[in-house]
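S.K.: Provided herewith: run-v5.pdb, PDB, C-alpha atoms and all ligand atoms.
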MODEL        1
ATOM      1  CA  HIS A1040       1.441 -35.159  34.199  1.00  0.00           C
ATOM      2  CA  GLU A1041       3.133 -33.292  37.052  1.00  0.00           C
ATOM      3  CA  ASP A1042       0.378 -34.351  39.440  1.00  0.00           C
ATOM      4  CA  GLY A1043       1.172 -38.017  38.812  1.00  0.00           C
ATOM      5  CA  THR A1044      -1.758 -38.653  36.438  1.00  0.00           C
ATOM      6  CA  VAL A1045      -1.123 -40.088  32.982  1.00  0.00           C
ATOM      7  CA  ALA A1046      -1.907 -38.263  29.718  1.00  0.00           C
ATOM      8  CA  THR A1047      -4.860 -39.732  27.843  1.00  0.00           C
ATOM      9  CA  ARG A1048      -4.412 -40.783  24.205  1.00  0.00           C
ATOM     10  CA  GLN A1049      -6.413 -37.716  23.140  1.00  0.00           C
ATOM     11  CA  GLU A1050      -4.082 -35.407  25.114  1.00  0.00           C
ATOM     12  CA  GLN A1051      -0.972 -37.084  23.644  1.00  0.00           C
ATOM     13  CA  LYS A1052      -2.276 -36.477  20.112  1.00  0.00           C
ATOM     14  CA  LEU A1053      -3.419 -32.862  20.674  1.00  0.00           C
ATOM     15  CA  LYS A1054      -0.870 -30.490  19.071  1.00  0.00           C
ATOM     16  CA  PRO A1055      -0.935 -26.712  19.415  1.00  0.00           C
ATOM     17  CA  PRO A1056      -2.321 -25.136  16.213  1.00  0.00           C
ATOM     18  CA  PRO A1057       0.312 -23.891  13.718  1.00  0.00           C
ATOM     19  CA  MET A1058       1.078 -20.153  13.779  1.00  0.00           C
ATOM     20  CA  TYR A1059       1.712 -18.007  10.705  1.00  0.00           C
ATOM     21  CA  GLN A1060       4.183 -15.187  10.179  1.00  0.00           C
ATOM     22  CA  VAL A1061       2.895 -12.309   8.040  1.00  0.00           C
ATOM     23  CA  PHE A1062       5.512 -10.549   5.870  1.00  0.00           C
ATOM     24  CA  LEU A1063       5.546  -7.457   3.686  1.00  0.00           C
ATOM     25  CA  LEU A1064       7.654  -7.696   0.510  1.00  0.00           C
ATOM     26  CA  ASN A1065       9.643  -4.886  -1.081  1.00  0.00           C
ATOM     27  CA  ASP A1066       8.822  -3.322  -4.446  1.00  0.00           C
ATOM     28  CA  ASP A1067      10.113  -0.232  -6.272  1.00  0.00           C
ATOM     29  CA  PHE A1068       6.864   1.750  -6.281  1.00  0.00           C
ATOM     30  CA  THR A1069       4.911   1.704  -3.011  1.00  0.00           C
ATOM     31  CA  PRO A1070       5.767   4.900  -1.076  1.00  0.00           C
ATOM     32  CA  MET A1071       7.646   4.372   2.201  1.00  0.00           C
ATOM     33  CA  GLU A1072       5.093   6.503   4.034  1.00  0.00           C
ATOM     34  CA  PHE A1073       2.235   4.266   2.819  1.00  0.00           C
ATOM     35  CA  VAL A1074       4.033   1.141   4.080  1.00  0.00           C
ATOM     36  CA  VAL A1075       4.669   2.724   7.500  1.00  0.00           C
ATOM     37  CA  ALA A1076       0.974   3.624   7.762  1.00  0.00           C
ATOM     38  CA  VAL A1077      -0.040   0.051   6.789  1.00  0.00           C
ATOM     39  CA  ILE A1078       2.214  -1.463   9.464  1.00  0.00           C
ATOM     40  CA  GLN A1079       0.825   0.933  12.089  1.00  0.00           C
ATOM     41  CA  GLU A1080      -2.813   0.404  11.163  1.00  0.00           C
ATOM     42  CA  TYR A1081      -2.951  -3.322  10.429  1.00  0.00           C
ATOM     43  CA  PHE A1082      -0.238  -4.624  12.771  1.00  0.00           C
ATOM     44  CA  ASN A1083      -0.695  -2.280  15.753  1.00  0.00           C
ATOM     45  CA  LYS A1084       2.877  -0.974  15.757  1.00  0.00           C
ATOM     46  CA  ASP A1085       3.865   2.529  16.839  1.00  0.00           C
ATOM     47  CA  ARG A1086       5.410   4.849  14.224  1.00  0.00           C
ATOM     48  CA  GLU A1087       9.004   4.167  15.300  1.00  0.00           C
ATOM     49  CA  ASN A1088       8.618   0.376  15.203  1.00  0.00           C
ATOM     50  CA  ALA A1089       6.678   0.557  11.914  1.00  0.00           C
ATOM     51  CA  THR A1090       9.435   2.663  10.331  1.00  0.00           C
ATOM     52  CA  HIS A1091      12.065   0.130  11.467  1.00  0.00           C
ATOM     53  CA  ILE A1092      10.126  -2.757   9.870  1.00  0.00           C
ATOM     54  CA  MET A1093       9.533  -0.775   6.636  1.00  0.00           C
ATOM     55  CA  LEU A1094      13.274  -0.003   6.327  1.00  0.00           C
ATOM     56  CA  LYS A1095      14.135  -3.669   6.873  1.00  0.00           C
ATOM     57  CA  VAL A1096      11.753  -4.637   4.039  1.00  0.00           C
ATOM     58  CA  HIS A1097      13.212  -1.874   1.842  1.00  0.00           C
ATOM     59  CA  ARG A1098      16.841  -3.006   2.453  1.00  0.00           C
ATOM     60  CA  GLU A1099      16.429  -6.791   2.740  1.00  0.00           C
ATOM     61  CA  GLY A1100      13.393  -7.482   0.539  1.00  0.00           C
ATOM     62  CA  LYS A1101      11.133  -8.876   3.234  1.00  0.00           C
ATOM     63  CA  GLY A1102      10.105  -8.107   6.806  1.00  0.00           C
ATOM     64  CA  MET A1103       7.908  -9.738   9.449  1.00  0.00           C
ATOM     65  CA  CYS A1104       4.971  -7.752  10.794  1.00  0.00           C
ATOM     66  CA  GLY A1105       3.525 -10.300  13.240  1.00  0.00           C
ATOM     67  CA  VAL A1106       2.644 -13.913  14.061  1.00  0.00           C
ATOM     68  CA  PHE A1107      -1.004 -15.016  14.148  1.00  0.00           C
ATOM     69  CA  SER A1108      -3.380 -17.966  13.948  1.00  0.00           C
ATOM     70  CA  LYS A1109      -4.155 -19.064  10.373  1.00  0.00           C
ATOM     71  CA  ASP A1110      -7.496 -17.213  10.249  1.00  0.00           C
ATOM     72  CA  ILE A1111      -6.142 -13.934  11.613  1.00  0.00           C
ATOM     73  CA  ALA A1112      -3.016 -14.066   9.390  1.00  0.00           C
ATOM     74  CA  SER A1113      -5.084 -14.718   6.284  1.00  0.00           C
ATOM     75  CA  THR A1114      -7.461 -11.858   7.140  1.00  0.00           C
ATOM     76  CA  LYS A1115      -4.516  -9.451   7.679  1.00  0.00           C
ATOM     77  CA  VAL A1116      -3.062 -10.386   4.261  1.00  0.00           C
ATOM     78  CA  GLU A1117      -6.419  -9.861   2.559  1.00  0.00           C
ATOM     79  CA  LEU A1118      -7.070  -6.489   4.263  1.00  0.00           C
ATOM     80  CA  VAL A1119      -3.573  -5.166   3.477  1.00  0.00           C
ATOM     81  CA  LEU A1120      -3.772  -6.251  -0.187  1.00  0.00           C
ATOM     82  CA  THR A1121      -7.235  -4.715  -0.616  1.00  0.00           C
ATOM     83  CA  HIS A1122      -6.062  -1.437   0.972  1.00  0.00           C
ATOM     84  CA  ALA A1123      -2.916  -1.308  -1.225  1.00  0.00           C
ATOM     85  CA  ARG A1124      -4.780  -2.074  -4.487  1.00  0.00           C
ATOM     86  CA  LYS A1125      -7.428   0.522  -3.664  1.00  0.00           C
ATOM     87  CA  ALA A1126      -4.608   3.087  -3.336  1.00  0.00           C
ATOM     88  CA  GLY A1127      -3.039   1.847  -6.602  1.00  0.00           C
ATOM     89  CA  HIS A1128       0.132   0.408  -5.019  1.00  0.00           C
ATOM     90  CA  PRO A1129       1.698  -3.001  -5.847  1.00  0.00           C
ATOM     91  CA  LEU A1130       2.609  -3.776  -2.201  1.00  0.00           C
ATOM     92  CA  GLN A1131       2.725  -7.537  -1.530  1.00  0.00           C
ATOM     93  CA  CYS A1132       1.841  -9.220   1.742  1.00  0.00           C
ATOM     94  CA  VAL A1133       2.287 -12.955   2.358  1.00  0.00           C
ATOM     95  CA  MET A1134       1.931 -15.479   5.190  1.00  0.00           C
ATOM     96  CA  GLU A1135       4.216 -18.438   6.032  1.00  0.00           C
ATOM     97  CA  GLU A1136       3.780 -21.185   8.595  1.00  0.00           C
ATOM     98  CA  ALA A1137       6.084 -20.356  11.510  1.00  0.00           C
TER      99      ALA A1137
HETATM  100  N1  LIG B   1      11.076   0.282  -1.877  1.00  0.00           N
HETATM  101  C1  LIG B   1      10.003   1.248  -1.706  1.00  0.00           C
HETATM  102  C2  LIG B   1      10.478   2.631  -2.126  1.00  0.00           C
HETATM  103  O1  LIG B   1      11.656   2.869  -2.254  1.00  0.00           O
HETATM  104  C3  LIG B   1       9.528   1.299  -0.250  1.00  0.00           C
HETATM  105  C4  LIG B   1       8.898   0.020   0.205  1.00  0.00           C
HETATM  106  C5  LIG B   1       9.185  -0.475   1.471  1.00  0.00           C
HETATM  107  C6  LIG B   1       7.981  -0.667  -0.602  1.00  0.00           C
HETATM  108  C7  LIG B   1       8.593  -1.642   1.931  1.00  0.00           C
HETATM  109  C8  LIG B   1       7.380  -1.838  -0.149  1.00  0.00           C
HETATM  110  O2  LIG B   1       7.056  -3.446   1.589  1.00  0.00           O
HETATM  111  C9  LIG B   1       7.673  -2.309   1.118  1.00  0.00           C
HETATM  112  N2  LIG B   1       9.535   3.560  -2.296  1.00  0.00           N
ENDMDL
END
Would you give me this structure, written as structure tokens?

M.R.:
Amino acid sequence: HEDGTVATRQEQKLKPPPMYQVFLLNDDFTPMEFVVAVIQEYFNKDRENATHIMLKVHREGKGMCGVFSKDIASTKVELVLTHARKAGHPLQCVMEEA
């Protein structure tokens, strides 16, 4: 360490936990306005930022909405999918290890 002490074996082995990127995927049916609202509500983005992300998904097929611990990412995916299905939209949301 910086203070001259030596890392213990436990400290040497301890890795930071993996983080997960959460993406929305494009489809031909989910309304743009619904996607913007989802990004605002579930990923805490303002309307301008949410619109930018939605347009990126629309043009490029995929767009990142945030990076979270495994538990939080998986909960976001589940909540977004439940909300979309309830509204009758095929919107897809996936997570990938960062
Ligand atoms: N492509 C959709 C449309 O034209 C809009 C859309 C954007 C759908 C992003 C999904 O994740 C998505 N209505």

S.K.: What would the selection look like, as a list in words, if the PyMOL selection byres (((chain A and resi 1097-1099) around 12) and not hetatm) were run on the coordinates I just shared?

M.R.: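 With the shown file as input, the PyMOL selection byres (((chain A and resi 1097-1099) around 12) and not hetatm) matches Phe1062, Leu1063, Leu1064, Asn1065, Asp1066, Asp1067, Phe1068, Thr1069, Pro1070, Met1071, Glu1072, Val1074, Val1075, Thr1090, His1091, Ile1092, Met1093, Leu1094, Lys1095, Val1096, Gly1100, Lys1101, Gly1102, Met1103 and Leu1130 of chain A.
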
S.K.: Centre and edge lengths of an axis-aligned box around all listed atoms of stretch 1063-1069 of chain A, with 4 Å added on each side, are to be given in Å to one decimal, as lines of an AutoDock Vina configuration file.

M.R.:
center_x = 7.5
center_y = -3.0
center_z = -1.3
size_x = 13.2
size_y = 17.4
size_z = 18.0

S.K.: For the atom pair atom CA of A:Leu1120 and atom C3 of ligand LIG 1 (chain B), what is the interatomic distance in Å to one decimal place?

M.R.: 15.3 Å

S.K.: Step by step, work through what the PyMOL selection byres (((chain A and resi 1107-1116) around 6) and not hetatm) selects in the shown file, and finish by giving those residues as a PyMOL selection string.

M.R.: chain A and resi 1058-1059+1106+1117-1119+1132

S.K.: Distance atom CA of A:Thr1121-atom O1 of ligand LIG 1 (chain B), one decimal place?

M.R.: 20.4 Å

S.K.: I need the residue nearest ligand LIG 1 (chain B) from this list: A:Tyr1081, A:Ala1046, A:Gly1105, A:Gln1131. Use all atoms listed in the file for the distance.

M.R.: A:Gln1131

S.K.: Could you check how far atom N1 of ligand LIG 1 (chain B) sits from atom CA of A:Asp1085, in Å to one decimal?

M.R.: 20.2 Å

S.K.: In terms of the shortest atom-to-atom distance over all atoms listed in the file, which of A:Ala1137, A:Ala1089, A:Cys1104, A:Leu1053 is closest to A:Phe1073?

M.R.: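 Comparing A:Ala1137, A:Ala1089, A:Cys1104, A:Leu1053 against A:Phe1073, the winner is A:Ala1089.
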
S.K.: Looking at A:His1122, A:Lys1054, A:His1128, A:His1040, which one is nearest to ligand LIG 1 (chain B), with distances taken over all atoms listed in the file?

M.R.: A:His1128

S.K.: Using all atoms listed in the file, can you tell me which of A:Val1133, A:Arg1086, A:Val1045, A:Gln1060 comes closest to ligand LIG 1 (chain B)?

M.R.: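 Distance minimum relative to ligand LIG 1 (chain B) lands on A:Val1133.
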
S.K.: So which one's closest to ligand LIG 1 (chain B), A:Lys1052, A:Val1061, A:Asn1083, A:Pro1129? Using all atoms listed in the file, please.

M.R.: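 Closest residue, counting all atoms listed in the file: A:Pro1129.
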
S.K.: Identify which of the residues A:Asn1088, A:Val1077, A:Met1134, A:Pro1057 lies closest to ligand LIG 1 (chain B), counting only C-alpha atoms and all ligand atoms when measuring atom-to-atom distances.

M.R.: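 Checking each of A:Asn1088, A:Val1077, A:Met1134, A:Pro1057 against ligand LIG 1 (chain B), counting only C-alpha atoms and all ligand atoms, the winner is A:Val1077.
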
S.K.: Take stretch 1049-1072 of chain A, model N, CA and C atoms, and hand the result over as a PDB file, in the frame of the given file.

M.R.:
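Everything below was put into out.pdb:
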ATOM      1  N   GLN A1049      -5.968 -38.967  23.771  1.00  0.00           N
ATOM      2  CA  GLN A1049      -6.413 -37.716  23.140  1.00  0.00           C
ATOM      3  C   GLN A1049      -5.426 -36.580  23.445  1.00  0.00           C
ATOM      4  N   GLU A1050      -5.017 -36.468  24.712  1.00  0.00           N
ATOM      5  CA  GLU A1050      -4.082 -35.407  25.114  1.00  0.00           C
ATOM      6  C   GLU A1050      -2.731 -35.570  24.422  1.00  0.00           C
ATOM      7  N   GLN A1051      -2.269 -36.825  24.282  1.00  0.00           N
ATOM      8  CA  GLN A1051      -0.972 -37.084  23.644  1.00  0.00           C
ATOM      9  C   GLN A1051      -1.014 -36.631  22.185  1.00  0.00           C
ATOM     10  N   LYS A1052      -2.154 -36.797  21.541  1.00  0.00           N
ATOM     11  CA  LYS A1052      -2.276 -36.477  20.112  1.00  0.00           C
ATOM     12  C   LYS A1052      -2.491 -34.990  19.857  1.00  0.00           C
ATOM     13  N   LEU A1053      -3.039 -34.260  20.876  1.00  0.00           N
ATOM     14  CA  LEU A1053      -3.419 -32.862  20.674  1.00  0.00           C
ATOM     15  C   LEU A1053      -2.179 -31.981  20.509  1.00  0.00           C
ATOM     16  N   LYS A1054      -2.007 -31.381  19.305  1.00  0.00           N
ATOM     17  CA  LYS A1054      -0.870 -30.490  19.071  1.00  0.00           C
ATOM     18  C   LYS A1054      -1.373 -29.047  19.106  1.00  0.00           C
ATOM     19  N   PRO A1055      -0.518 -28.114  19.514  1.00  0.00           N
ATOM     20  CA  PRO A1055      -0.935 -26.712  19.415  1.00  0.00           C
ATOM     21  C   PRO A1055      -1.129 -26.361  17.943  1.00  0.00           C
ATOM     22  N   PRO A1056      -2.082 -25.476  17.625  1.00  0.00           N
ATOM     23  CA  PRO A1056      -2.321 -25.136  16.213  1.00  0.00           C
ATOM     24  C   PRO A1056      -1.110 -24.404  15.633  1.00  0.00           C
ATOM     25  N   PRO A1057      -0.823 -24.594  14.326  1.00  0.00           N
ATOM     26  CA  PRO A1057       0.312 -23.891  13.718  1.00  0.00           C
ATOM     27  C   PRO A1057       0.081 -22.383  13.738  1.00  0.00           C
ATOM     28  N   MET A1058       1.151 -21.607  13.842  1.00  0.00           N
ATOM     29  CA  MET A1058       1.078 -20.153  13.779  1.00  0.00           C
ATOM     30  C   MET A1058       1.681 -19.700  12.449  1.00  0.00           C
ATOM     31  N   TYR A1059       1.285 -18.521  12.022  1.00  0.00           N
ATOM     32  CA  TYR A1059       1.712 -18.007  10.705  1.00  0.00           C
ATOM     33  C   TYR A1059       2.333 -16.626  10.837  1.00  0.00           C
ATOM     34  N   GLN A1060       3.519 -16.490  10.240  1.00  0.00           N
ATOM     35  CA  GLN A1060       4.183 -15.187  10.179  1.00  0.00           C
ATOM     36  C   GLN A1060       3.628 -14.438   8.975  1.00  0.00           C
ATOM     37  N   VAL A1061       3.345 -13.139   9.167  1.00  0.00           N
ATOM     38  CA  VAL A1061       2.895 -12.309   8.040  1.00  0.00           C
ATOM     39  C   VAL A1061       4.033 -11.354   7.669  1.00  0.00           C
ATOM     40  N   PHE A1062       4.404 -11.355   6.380  1.00  0.00           N
ATOM     41  CA  PHE A1062       5.512 -10.549   5.870  1.00  0.00           C
ATOM     42  C   PHE A1062       5.018  -9.522   4.855  1.00  0.00           C
ATOM     43  N   LEU A1063       5.685  -8.375   4.809  1.00  0.00           N
ATOM     44  CA  LEU A1063       5.546  -7.457   3.686  1.00  0.00           C
ATOM     45  C   LEU A1063       6.767  -7.671   2.792  1.00  0.00           C
ATOM     46  N   LEU A1064       6.568  -7.538   1.477  1.00  0.00           N
ATOM     47  CA  LEU A1064       7.654  -7.696   0.510  1.00  0.00           C
ATOM     48  C   LEU A1064       7.973  -6.345  -0.119  1.00  0.00           C
ATOM     49  N   ASN A1065       9.230  -6.150  -0.462  1.00  0.00           N
ATOM     50  CA  ASN A1065       9.643  -4.886  -1.081  1.00  0.00           C
ATOM     51  C   ASN A1065       9.190  -4.809  -2.541  1.00  0.00           C
ATOM     52  N   ASP A1066       9.003  -3.599  -3.012  1.00  0.00           N
ATOM     53  CA  ASP A1066       8.822  -3.322  -4.446  1.00  0.00           C
ATOM     54  C   ASP A1066       9.392  -1.932  -4.677  1.00  0.00           C
ATOM     55  N   ASP A1067       9.471  -1.513  -5.961  1.00  0.00           N
ATOM     56  CA  ASP A1067      10.113  -0.232  -6.272  1.00  0.00           C
ATOM     57  C   ASP A1067       9.143   0.950  -6.295  1.00  0.00           C
ATOM     58  N   PHE A1068       7.858   0.704  -6.033  1.00  0.00           N
ATOM     59  CA  PHE A1068       6.864   1.750  -6.281  1.00  0.00           C
ATOM     60  C   PHE A1068       6.062   2.219  -5.069  1.00  0.00           C
ATOM     61  N   THR A1069       5.732   1.306  -4.163  1.00  0.00           N
ATOM     62  CA  THR A1069       4.911   1.704  -3.011  1.00  0.00           C
ATOM     63  C   THR A1069       5.675   2.728  -2.167  1.00  0.00           C
ATOM     64  N   PRO A1070       5.067   3.877  -1.878  1.00  0.00           N
ATOM     65  CA  PRO A1070       5.767   4.900  -1.076  1.00  0.00           C
ATOM     66  C   PRO A1070       6.078   4.398   0.339  1.00  0.00           C
ATOM     67  N   MET A1071       7.249   4.760   0.839  1.00  0.00           N
ATOM     68  CA  MET A1071       7.646   4.372   2.201  1.00  0.00           C
ATOM     69  C   MET A1071       6.591   4.783   3.227  1.00  0.00           C
ATOM     70  N   GLU A1072       6.070   5.991   3.064  1.00  0.00           N
ATOM     71  CA  GLU A1072       5.093   6.503   4.034  1.00  0.00           C
ATOM     72  C   GLU A1072       3.823   5.643   4.057  1.00  0.00           C
TER      73      GLU A1072
END
